[in-house]
Structures are given as C-alpha cells and as structure tokens.
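Participant: I'd like to ask you about the structure that follows.
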Amino acid sequence: MSENRYNLRQEYATWTVFDIFTGLPAEVNDVEQVGLEMEQADDLVDLLNLLYIKRRRGPVH
C-alpha cells in the first residue's frame with residue numbers, strides 16, 4: 001500500500017497538488033496549491049508526502 005497522500009493533476013497549462021483521499025487541492029497555510037508550474041508542483045508533492053509519512057509514523061523512541 002502506498003504511503004503517499006498527495007499527487008499532481010494537470011489543469012490546462014498549470015498544475016494542481018491535490019489530496020488523493022479527498023480529491024481536493026492541497027492547502028499550505030490556507031492557500032490552495034493550484035496554478036503551479038510543473039517543477040514547483042512536483043517538489044511540493046514530494047515535500048507534502050514526506051511530511052505526511054513522518055506524521056503517520058509518529059515520534060521514534
């Protein structure tokens with residue numbers, strides 16, 4: 001099972017980072033992540049998925 005929660009979706013000439021569980025655009029600091037350049041969106045997906053995985057695993061003791 002994939003641990004990823006975020007992915008990319010092309011919207012015309014730009015990209016949206018979206019939550020694969022809800023289908024809605026991801027939000028960072030209450031700003032929807034839409035209208036992004038491909039490289040920007042791809043980097044953000046990697047970062048958000050990494051943070052999500054770390055949160056799910058919780059603290060290491």
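The chains in the structure tokens are called A, B, ... from first to last as shown; in each chain the residues are counted from 1, and the ligands are counted from 1 in the order shown.
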Run DSSP on the backbone and give me the residues of chain A it puts in strand (DSSP E), as a list in words.
Facilitator: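 Checking each residue of chain A, the strand (DSSP E) ones are Tyr6, Asn7, Leu8, Arg9, Gln10, Glu11, Thr14, Trp15, Thr16, Val17, Phe18, Asp19, Glu27, Val28, Val31 and Glu32 of chain A.
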Participant: Could you check how far atom CA of Met38 of chain A sits from atom CA of Asp19 of chain A, in Å to one decimal?
Facilitator: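 Straight-line distance from atom CA of Met38 of chain A to atom CA of Asp19 of chain A works out to 16.6 Å.
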Participant: At a cut-off of 12 Å, using only C-alpha atoms, what residues contact Leu51 of chain A? Leave out same-chain residues fewer than 6 positions from it and give the result as an NGL selection string.
Facilitator: :A and (3-6 or 44-45 or 57-58)
Participant: Residues of chain A classed as alpha helix (DSSP H) by DSSP on the backbone are to be reported as a list in words.
Facilitator: Met38, Glu39, Gln40, Ala41, Asp42, Asp43, Leu44, Val45, Asp46, Leu47, Leu48, Asn49, Leu50, Leu51, Tyr52, Ile53, Lys54, Arg55, Arg56 and Arg57 of chain A
Participant: Have a look at atom CA of Leu24 of chain A and atom CA of Leu50 of chain A and let me know their distance in Å, one decimal.
Facilitator: 18.8 Å
